[in-house]
Amino acid sequence: MKSILVLNGPNLNLLGKRQPEIYGHATLDDVADLCRAAAGDVTIRMEQSNHEGQLIDWIHEARTAHAGIVINAGAYTHTSVAIFDALNAFDGPVIEVHISNVHKRESFRHHSYISPRADGVIVGFGINGYAAAVRQICDLINAN
Ligand code: CA2
């Protein structure tokens, strides 16, 4: 059976617990439920880490274990060449998600190291962006 890795970067474990005016009231468990509902028969593996190396290790594992990756790399989006390199070693589709509209925020959030590798980018639609990304990845992997 096909599976998708949904990766979340630093501080996203606080989702629903702080700054609801930016990130909403839903928790990461709610995001996992939303992704599983959107995925149908496709299996979702949901992971979150505050550590760059751990995120990279999961991306490496995905090379043989998962058909696609949905990634919200949090602040590493704007800093991490290492995550970009790891994603480039993964052959399947990658969709980048941001809960907030990063382009309406500070200028340091306007640049993404992930976007040049991503097949698509979804920003500013809250946690619904994860469901849209999962549906899109399912379409892409079922077409192959
Ligand atoms: O909008 C997004 O999804 C971000 O990836 C979230 C990152 C931020 O650094 C990016 O620029 C945009 C921050 C995640 C922090 O998540 C929190 C959630 C609740 C409370 C505090 C932090």
# chains A, B, ... in the order shown; residues from 1 in each chain; ligands from 1

$ residues_near_ligand --ligand "ligand 1" --cutoff "8 Å" --atoms "only C-alpha atoms and all ligand atoms" --output "ChimeraX atom specification"
/A:9-20,22-24,72-78,97-102,109,123-124,126

$ write_last_selection --atoms "N, CA and C atoms" --output "short mmCIF file (atom, residue, chain, number, x, y, z; two decimals), in the first residue's frame"
data_model
loop_
_atom_site.label_atom_id
_atom_site.label_comp_id
_atom_site.auth_asym_id
_atom_site.auth_seq_id
_atom_site.Cartn_x
_atom_site.Cartn_y
_atom_site.Cartn_z
N GLY A 9 8.14 20.84 11.08
CA GLY A 9 9.38 21.30 11.69
C GLY A 9 9.20 21.98 13.03
N PRO A 10 10.20 22.77 13.43
CA PRO A 10 10.28 23.30 14.79
C PRO A 10 9.09 24.15 15.21
N ASN A 11 8.71 23.94 16.45
CA ASN A 11 7.66 24.69 17.16
C ASN A 11 6.24 24.32 16.74
N LEU A 12 6.11 23.50 15.70
CA LEU A 12 4.75 23.14 15.27
C LEU A 12 4.07 22.19 16.26
N ASN A 13 4.82 21.64 17.20
CA ASN A 13 4.20 20.89 18.31
C ASN A 13 3.35 21.81 19.19
N LEU A 14 3.57 23.12 19.08
CA LEU A 14 2.80 24.09 19.88
C LEU A 14 1.50 24.52 19.23
N LEU A 15 1.24 23.96 18.06
CA LEU A 15 0.03 24.32 17.31
C LEU A 15 -1.21 24.15 18.21
N GLY A 16 -2.04 25.20 18.22
CA GLY A 16 -3.27 25.14 19.04
C GLY A 16 -3.05 25.51 20.48
N LYS A 17 -1.77 25.71 20.86
CA LYS A 17 -1.47 25.99 22.27
C LYS A 17 -0.98 27.42 22.49
N ARG A 18 -0.44 28.06 21.44
CA ARG A 18 0.05 29.44 21.50
C ARG A 18 -0.27 30.14 20.18
N GLN A 19 -0.29 31.46 20.19
CA GLN A 19 -0.47 32.30 18.99
C GLN A 19 -1.62 31.85 18.07
N PRO A 20 -2.84 31.64 18.64
CA PRO A 20 -3.96 31.21 17.79
C PRO A 20 -4.34 32.25 16.74
N ILE A 22 -2.40 33.69 14.77
CA ILE A 22 -1.63 33.42 13.55
C ILE A 22 -1.89 31.99 13.06
N TYR A 23 -1.86 31.03 13.98
CA TYR A 23 -1.85 29.62 13.57
C TYR A 23 -3.17 28.88 13.84
N GLY A 24 -4.15 29.56 14.45
CA GLY A 24 -5.45 28.92 14.69
C GLY A 24 -5.47 28.10 15.98
N ASN A 72 5.92 20.95 6.11
CA ASN A 72 5.95 22.29 6.67
C ASN A 72 7.20 22.31 7.53
N ALA A 73 8.27 22.86 6.98
CA ALA A 73 9.56 22.82 7.68
C ALA A 73 9.68 23.93 8.72
N GLY A 74 8.56 24.67 8.98
CA GLY A 74 8.60 25.75 9.97
C GLY A 74 9.70 26.74 9.60
N ALA A 75 10.39 27.25 10.59
CA ALA A 75 11.41 28.28 10.33
C ALA A 75 12.60 27.73 9.53
N TYR A 76 12.80 26.40 9.53
CA TYR A 76 13.88 25.84 8.69
C TYR A 76 13.64 26.08 7.20
N THR A 77 12.38 26.34 6.85
CA THR A 77 12.05 26.71 5.46
C THR A 77 12.97 27.83 4.98
N HIS A 78 13.23 28.78 5.88
CA HIS A 78 13.92 30.02 5.50
C HIS A 78 15.42 29.95 5.72
N VAL A 97 3.90 23.21 2.58
CA VAL A 97 2.71 23.83 3.18
C VAL A 97 3.13 24.84 4.24
N HIS A 98 2.44 25.98 4.28
CA HIS A 98 2.55 26.90 5.41
C HIS A 98 1.16 27.29 5.85
N ILE A 99 0.94 27.23 7.15
CA ILE A 99 -0.38 27.54 7.71
C ILE A 99 -0.70 29.02 7.50
N SER A 100 0.26 29.88 7.81
CA SER A 100 0.07 31.32 7.64
C SER A 100 0.50 31.73 6.23
N ASN A 101 0.05 32.92 5.81
CA ASN A 101 0.52 33.46 4.53
C ASN A 101 1.86 34.16 4.79
N VAL A 102 2.93 33.41 4.56
CA VAL A 102 4.27 33.92 4.87
C VAL A 102 4.58 35.21 4.11
N ARG A 109 10.57 35.79 6.03
CA ARG A 109 9.75 34.59 5.75
C ARG A 109 9.39 34.48 4.27
N VAL A 123 0.14 28.12 0.80
CA VAL A 123 0.35 29.00 1.97
C VAL A 123 -0.93 29.74 2.30
N GLY A 124 -1.14 29.96 3.61
CA GLY A 124 -2.15 30.91 4.04
C GLY A 124 -3.55 30.38 4.20
N GLY A 126 -4.45 28.10 6.47
CA GLY A 126 -4.55 27.41 7.75
C GLY A 126 -4.24 25.93 7.58
#

$ residues_around --residues "segment 30-47 of chain A" --least-positions-apart "4" --cutoff "6 Å" --atoms "only C-alpha atoms" --output "PyMOL selection string"
chain A and resi 2-7+26+131+135

$ write_last_selection --atoms "all heavy atoms" --output "CSV table (one decimal), in the first residue's frame"
chain,number,residue,atom,x,y,z
A,2,LYS,N,0.4,2.3,-0.7
A,2,LYS,CA,1.2,3.5,-0.8
A,2,LYS,C,1.1,4.4,0.5
A,2,LYS,O,0.0,4.3,1.2
A,2,LYS,CB,0.7,4.4,-2.0
A,2,LYS,CG,1.1,3.7,-3.3
A,2,LYS,CD,0.6,4.5,-4.5
A,2,LYS,CE,1.1,3.9,-5.7
A,2,LYS,NZ,0.5,4.5,-6.9
A,3,SER,N,2.1,5.1,0.8
A,3,SER,CA,2.0,6.0,2.0
A,3,SER,C,2.7,7.3,1.8
A,3,SER,O,3.6,7.4,0.9
A,3,SER,CB,2.7,5.3,3.2
A,3,SER,OG,4.0,5.2,3.1
A,4,ILE,N,2.3,8.3,2.5
A,4,ILE,CA,2.8,9.7,2.4
A,4,ILE,C,3.4,10.1,3.8
A,4,ILE,O,2.8,9.8,4.8
A,4,ILE,CB,1.7,10.6,2.1
A,4,ILE,CG1,1.1,10.3,0.7
A,4,ILE,CG2,2.1,12.1,2.1
A,4,ILE,CD1,-0.2,11.1,0.4
A,5,LEU,N,4.5,10.7,3.7
A,5,LEU,CA,5.1,11.3,4.9
A,5,LEU,C,4.7,12.7,5.1
A,5,LEU,O,4.9,13.5,4.1
A,5,LEU,CB,6.7,11.2,4.8
A,5,LEU,CG,7.5,11.8,6.0
A,5,LEU,CD1,7.2,11.1,7.3
A,5,LEU,CD2,9.0,11.7,5.7
A,6,VAL,N,4.1,13.1,6.2
A,6,VAL,CA,3.7,14.5,6.5
A,6,VAL,C,4.7,15.0,7.6
A,6,VAL,O,4.6,14.5,8.7
A,6,VAL,CB,2.3,14.6,6.9
A,6,VAL,CG1,1.9,16.1,7.2
A,6,VAL,CG2,1.3,14.1,5.8
A,7,LEU,N,5.6,15.9,7.2
A,7,LEU,CA,6.7,16.3,8.1
A,7,LEU,C,6.4,17.7,8.6
A,7,LEU,O,6.1,18.6,7.8
A,7,LEU,CB,8.0,16.3,7.3
A,7,LEU,CG,8.9,15.2,7.4
A,7,LEU,CD1,10.3,15.6,6.8
A,7,LEU,CD2,9.1,14.7,8.8
A,26,ALA,N,-6.5,24.7,16.1
A,26,ALA,CA,-6.3,23.3,15.9
A,26,ALA,C,-4.9,22.8,16.3
A,26,ALA,O,-3.9,23.6,16.2
A,26,ALA,CB,-6.5,22.9,14.4
A,131,ALA,N,-4.6,19.3,4.1
A,131,ALA,CA,-5.5,18.4,3.4
A,131,ALA,C,-5.4,18.5,1.9
A,131,ALA,O,-5.4,17.5,1.2
A,131,ALA,CB,-7.0,18.6,3.9
A,135,ARG,N,-4.3,15.6,-0.7
A,135,ARG,CA,-5.2,15.2,-1.9
A,135,ARG,C,-4.4,15.3,-3.2
A,135,ARG,O,-4.4,14.4,-4.0
A,135,ARG,CB,-6.4,16.1,-1.9
A,135,ARG,CG,-7.5,15.6,-1.0
A,135,ARG,CD,-8.9,16.3,-1.4
A,135,ARG,NE,-8.8,17.7,-1.1
A,135,ARG,CZ,-9.1,18.3,0.1
A,135,ARG,NH1,-9.5,17.6,1.1
A,135,ARG,NH2,-9.0,19.6,0.2

$ closest_residue --among "A:Cys138, A:Ala143, A:His66, A:Val94" --to "Val121 of chain A" --atoms "only C-alpha atoms"
A:Val94

$ select_by_dssp --residues "segment 1-140 of chain A" --states "helix (DSSP H, G or I)" --output "NGL selection string"
:A and (12-14 or 20-23 or 28-39 or 52-65 or 74-78 or 81-88 or 102-104 or 107-109 or 128-140)

$ atom_distance --atom1 "atom CA of Pro93 of chain A" --atom2 "atom CA of Val70 of chain A"
8.5 Å

$ select_by_dssp --residues "segment 20-137 of chain A" --states "strand (DSSP E)" --output "ChimeraX atom specification"
/A:43-48,68-72,94-98,120-123

$ closest_residue --among "A:Ile56, A:Leu140, A:Leu28, A:Ile127" --to "Leu87 of chain A" --atoms "only C-alpha atoms"
A:Ile56

$ closest_residue --among "A:His110, A:Arg117, A:Thr27, A:Val134" --to "Ala89 of chain A" --atoms "only C-alpha atoms"
A:Arg117

$ closest_residue --among "A:His51, A:His60, A:His111, A:His25" --to "Asp85 of chain A" --atoms "only C-alpha atoms"
A:His60

$ residues_around --residues "Ile95 of chain A" --least-positions-apart "4" --cutoff "10 Å" --atoms "only C-alpha atoms" --output "count of residues only"
20

$ decode --residues "chain A" --atoms "C-alpha atoms" --output "PDB file, in the first residue's frame"
ATOM      1  CA  MET A   1       0.000   0.000   0.000  1.00  0.00           C
ATOM      2  CA  LYS A   2       1.192   3.541  -0.766  1.00  0.00           C
ATOM      3  CA  SER A   3       2.046   5.962   2.010  1.00  0.00           C
ATOM      4  CA  ILE A   4       2.813   9.651   2.424  1.00  0.00           C
ATOM      5  CA  LEU A   5       5.142  11.273   4.944  1.00  0.00           C
ATOM      6  CA  VAL A   6       3.747  14.486   6.473  1.00  0.00           C
ATOM      7  CA  LEU A   7       6.670  16.303   8.090  1.00  0.00           C
ATOM      8  CA  ASN A   8       6.469  19.210  10.507  1.00  0.00           C
ATOM      9  CA  GLY A   9       9.385  21.299  11.689  1.00  0.00           C
ATOM     10  CA  PRO A  10      10.279  23.305  14.787  1.00  0.00           C
ATOM     11  CA  ASN A  11       7.659  24.686  17.164  1.00  0.00           C
ATOM     12  CA  LEU A  12       4.748  23.142  15.270  1.00  0.00           C
ATOM     13  CA  ASN A  13       4.201  20.888  18.309  1.00  0.00           C
ATOM     14  CA  LEU A  14       2.805  24.090  19.884  1.00  0.00           C
ATOM     15  CA  LEU A  15       0.028  24.324  17.315  1.00  0.00           C
ATOM     16  CA  GLY A  16      -3.274  25.144  19.036  1.00  0.00           C
ATOM     17  CA  LYS A  17      -1.474  25.993  22.275  1.00  0.00           C
ATOM     18  CA  ARG A  18       0.054  29.443  21.502  1.00  0.00           C
ATOM     19  CA  GLN A  19      -0.468  32.297  18.992  1.00  0.00           C
ATOM     20  CA  PRO A  20      -3.956  31.207  17.788  1.00  0.00           C
ATOM     21  CA  GLU A  21      -4.314  34.586  16.023  1.00  0.00           C
ATOM     22  CA  ILE A  22      -1.627  33.415  13.551  1.00  0.00           C
ATOM     23  CA  TYR A  23      -1.853  29.624  13.569  1.00  0.00           C
ATOM     24  CA  GLY A  24      -5.445  28.921  14.693  1.00  0.00           C
ATOM     25  CA  HIS A  25      -6.814  26.688  17.442  1.00  0.00           C
ATOM     26  CA  ALA A  26      -6.310  23.258  15.873  1.00  0.00           C
ATOM     27  CA  THR A  27      -3.547  21.011  17.228  1.00  0.00           C
ATOM     28  CA  LEU A  28      -1.090  18.834  15.332  1.00  0.00           C
ATOM     29  CA  ASP A  29      -3.276  15.825  16.225  1.00  0.00           C
ATOM     30  CA  ASP A  30      -6.157  17.601  14.459  1.00  0.00           C
ATOM     31  CA  VAL A  31      -3.874  18.069  11.435  1.00  0.00           C
ATOM     32  CA  ALA A  32      -3.097  14.336  11.462  1.00  0.00           C
ATOM     33  CA  ASP A  33      -6.838  13.515  11.531  1.00  0.00           C
ATOM     34  CA  LEU A  34      -7.452  15.930   8.642  1.00  0.00           C
ATOM     35  CA  CYS A  35      -4.631  14.392   6.584  1.00  0.00           C
ATOM     36  CA  ARG A  36      -5.873  10.836   7.218  1.00  0.00           C
ATOM     37  CA  ALA A  37      -9.410  11.815   6.194  1.00  0.00           C
ATOM     38  CA  ALA A  38      -8.047  13.395   2.991  1.00  0.00           C
ATOM     39  CA  ALA A  39      -5.827  10.412   2.179  1.00  0.00           C
ATOM     40  CA  GLY A  40      -8.497   7.707   1.821  1.00  0.00           C
ATOM     41  CA  ASP A  41      -6.717   4.385   1.346  1.00  0.00           C
ATOM     42  CA  VAL A  42      -3.264   5.952   1.329  1.00  0.00           C
ATOM     43  CA  THR A  43      -1.401   5.629   4.649  1.00  0.00           C
ATOM     44  CA  ILE A  44      -0.240   8.813   6.400  1.00  0.00           C
ATOM     45  CA  ARG A  45       2.879   8.898   8.559  1.00  0.00           C
ATOM     46  CA  MET A  46       2.830  12.137  10.556  1.00  0.00           C
ATOM     47  CA  GLU A  47       6.054  13.355  12.207  1.00  0.00           C
ATOM     48  CA  GLN A  48       7.197  16.534  13.963  1.00  0.00           C
ATOM     49  CA  SER A  49      10.633  17.475  15.228  1.00  0.00           C
ATOM     50  CA  ASN A  50      12.367  20.543  16.559  1.00  0.00           C
ATOM     51  CA  HIS A  51      15.690  19.164  15.247  1.00  0.00           C
ATOM     52  CA  GLU A  52      16.953  19.666  11.697  1.00  0.00           C
ATOM     53  CA  GLY A  53      18.930  16.389  11.605  1.00  0.00           C
ATOM     54  CA  GLN A  54      15.888  14.356  12.656  1.00  0.00           C
ATOM     55  CA  LEU A  55      13.826  15.898   9.831  1.00  0.00           C
ATOM     56  CA  ILE A  56      16.615  15.030   7.386  1.00  0.00           C
ATOM     57  CA  ASP A  57      16.781  11.425   8.673  1.00  0.00           C
ATOM     58  CA  TRP A  58      13.025  11.031   8.067  1.00  0.00           C
ATOM     59  CA  ILE A  59      13.395  12.437   4.531  1.00  0.00           C
ATOM     60  CA  HIS A  60      16.156   9.870   3.884  1.00  0.00           C
ATOM     61  CA  GLU A  61      13.913   7.068   5.194  1.00  0.00           C
ATOM     62  CA  ALA A  62      11.177   8.257   2.844  1.00  0.00           C
ATOM     63  CA  ARG A  63      13.416   7.401  -0.141  1.00  0.00           C
ATOM     64  CA  THR A  64      12.440   3.748   0.323  1.00  0.00           C
ATOM     65  CA  ALA A  65       9.343   3.932   2.548  1.00  0.00           C
ATOM     66  CA  HIS A  66       7.065   6.659   1.165  1.00  0.00           C
ATOM     67  CA  ALA A  67       5.652   7.672  -2.208  1.00  0.00           C
ATOM     68  CA  GLY A  68       5.425  11.418  -1.441  1.00  0.00           C
ATOM     69  CA  ILE A  69       6.216  14.078   1.145  1.00  0.00           C
ATOM     70  CA  VAL A  70       4.125  16.963   2.503  1.00  0.00           C
ATOM     71  CA  ILE A  71       6.422  19.289   4.429  1.00  0.00           C
ATOM     72  CA  ASN A  72       5.947  22.289   6.674  1.00  0.00           C
ATOM     73  CA  ALA A  73       9.562  22.824   7.682  1.00  0.00           C
ATOM     74  CA  GLY A  74       8.604  25.745   9.971  1.00  0.00           C
ATOM     75  CA  ALA A  75      11.412  28.276  10.333  1.00  0.00           C
ATOM     76  CA  TYR A  76      13.884  25.842   8.691  1.00  0.00           C
ATOM     77  CA  THR A  77      12.052  26.712   5.464  1.00  0.00           C
ATOM     78  CA  HIS A  78      13.917  30.018   5.500  1.00  0.00           C
ATOM     79  CA  THR A  79      17.340  28.737   6.576  1.00  0.00           C
ATOM     80  CA  SER A  80      17.999  25.113   5.672  1.00  0.00           C
ATOM     81  CA  VAL A  81      20.093  24.211   2.653  1.00  0.00           C
ATOM     82  CA  ALA A  82      20.470  20.783   4.345  1.00  0.00           C
ATOM     83  CA  ILE A  83      16.720  20.052   4.141  1.00  0.00           C
ATOM     84  CA  PHE A  84      16.713  21.249   0.509  1.00  0.00           C
ATOM     85  CA  ASP A  85      19.586  18.835  -0.247  1.00  0.00           C
ATOM     86  CA  ALA A  86      17.783  15.949   1.493  1.00  0.00           C
ATOM     87  CA  LEU A  87      14.576  16.613  -0.480  1.00  0.00           C
ATOM     88  CA  ASN A  88      16.608  16.595  -3.680  1.00  0.00           C
ATOM     89  CA  ALA A  89      17.678  13.039  -2.843  1.00  0.00           C
ATOM     90  CA  PHE A  90      13.992  11.982  -2.713  1.00  0.00           C
ATOM     91  CA  ASP A  91      12.457  10.987  -6.053  1.00  0.00           C
ATOM     92  CA  GLY A  92       8.706  11.338  -5.363  1.00  0.00           C
ATOM     93  CA  PRO A  93       6.441  14.397  -5.251  1.00  0.00           C
ATOM     94  CA  VAL A  94       6.977  17.025  -2.542  1.00  0.00           C
ATOM     95  CA  ILE A  95       4.433  19.665  -1.511  1.00  0.00           C
ATOM     96  CA  GLU A  96       5.377  22.547   0.783  1.00  0.00           C
ATOM     97  CA  VAL A  97       2.707  23.829   3.180  1.00  0.00           C
ATOM     98  CA  HIS A  98       2.546  26.900   5.413  1.00  0.00           C
ATOM     99  CA  ILE A  99      -0.376  27.543   7.714  1.00  0.00           C
ATOM    100  CA  SER A 100       0.072  31.318   7.635  1.00  0.00           C
ATOM    101  CA  ASN A 101       0.521  33.464   4.533  1.00  0.00           C
ATOM    102  CA  VAL A 102       4.270  33.920   4.871  1.00  0.00           C
ATOM    103  CA  HIS A 103       4.195  36.617   2.153  1.00  0.00           C
ATOM    104  CA  LYS A 104       2.077  38.904   4.367  1.00  0.00           C
ATOM    105  CA  ARG A 105       4.576  38.539   7.209  1.00  0.00           C
ATOM    106  CA  GLU A 106       8.189  39.600   7.882  1.00  0.00           C
ATOM    107  CA  SER A 107      10.449  39.740   4.816  1.00  0.00           C
ATOM    108  CA  PHE A 108      12.704  36.975   6.210  1.00  0.00           C
ATOM    109  CA  ARG A 109       9.749  34.589   5.749  1.00  0.00           C
ATOM    110  CA  HIS A 110       9.411  35.442   2.034  1.00  0.00           C
ATOM    111  CA  HIS A 111      12.281  33.248   0.913  1.00  0.00           C
ATOM    112  CA  SER A 112      12.020  29.450   1.010  1.00  0.00           C
ATOM    113  CA  TYR A 113      14.860  26.974   0.464  1.00  0.00           C
ATOM    114  CA  ILE A 114      12.198  24.271   0.006  1.00  0.00           C
ATOM    115  CA  SER A 115      10.164  25.847  -2.824  1.00  0.00           C
ATOM    116  CA  PRO A 116      12.683  25.215  -5.658  1.00  0.00           C
ATOM    117  CA  ARG A 117      12.352  21.476  -4.929  1.00  0.00           C
ATOM    118  CA  ALA A 118       8.591  21.454  -4.279  1.00  0.00           C
ATOM    119  CA  ASP A 119       6.077  20.363  -6.924  1.00  0.00           C
ATOM    120  CA  GLY A 120       3.627  22.793  -5.336  1.00  0.00           C
ATOM    121  CA  VAL A 121       3.382  25.281  -2.467  1.00  0.00           C
ATOM    122  CA  ILE A 122       0.258  25.999  -0.378  1.00  0.00           C
ATOM    123  CA  VAL A 123       0.353  28.996   1.965  1.00  0.00           C
ATOM    124  CA  GLY A 124      -2.149  30.914   4.042  1.00  0.00           C
ATOM    125  CA  PHE A 125      -5.100  28.519   4.172  1.00  0.00           C
ATOM    126  CA  GLY A 126      -4.554  27.405   7.749  1.00  0.00           C
ATOM    127  CA  ILE A 127      -4.460  23.683   8.399  1.00  0.00           C
ATOM    128  CA  ASN A 128      -6.737  23.074   5.381  1.00  0.00           C
ATOM    129  CA  GLY A 129      -3.563  23.481   3.328  1.00  0.00           C
ATOM    130  CA  TYR A 130      -2.360  20.097   4.637  1.00  0.00           C
ATOM    131  CA  ALA A 131      -5.534  18.368   3.411  1.00  0.00           C
ATOM    132  CA  ALA A 132      -5.200  20.018  -0.016  1.00  0.00           C
ATOM    133  CA  ALA A 133      -1.561  18.938  -0.191  1.00  0.00           C
ATOM    134  CA  VAL A 134      -2.393  15.350   0.762  1.00  0.00           C
ATOM    135  CA  ARG A 135      -5.169  15.174  -1.857  1.00  0.00           C
ATOM    136  CA  GLN A 136      -2.809  16.538  -4.496  1.00  0.00           C
ATOM    137  CA  ILE A 137      -0.011  14.099  -3.596  1.00  0.00           C
ATOM    138  CA  CYS A 138      -2.537  11.214  -3.688  1.00  0.00           C
ATOM    139  CA  ASP A 139      -3.507  12.292  -7.214  1.00  0.00           C
ATOM    140  CA  LEU A 140       0.140  12.448  -8.239  1.00  0.00           C
ATOM    141  CA  ILE A 141       1.124   9.062  -6.800  1.00  0.00           C
ATOM    142  CA  ASN A 142      -2.033   7.308  -8.023  1.00  0.00           C
ATOM    143  CA  ALA A 143      -1.320   8.578 -11.527  1.00  0.00           C
ATOM    144  CA  ASN A 144       2.033   6.718 -11.471  1.00  0.00           C
TER     145      ASN A 144
END
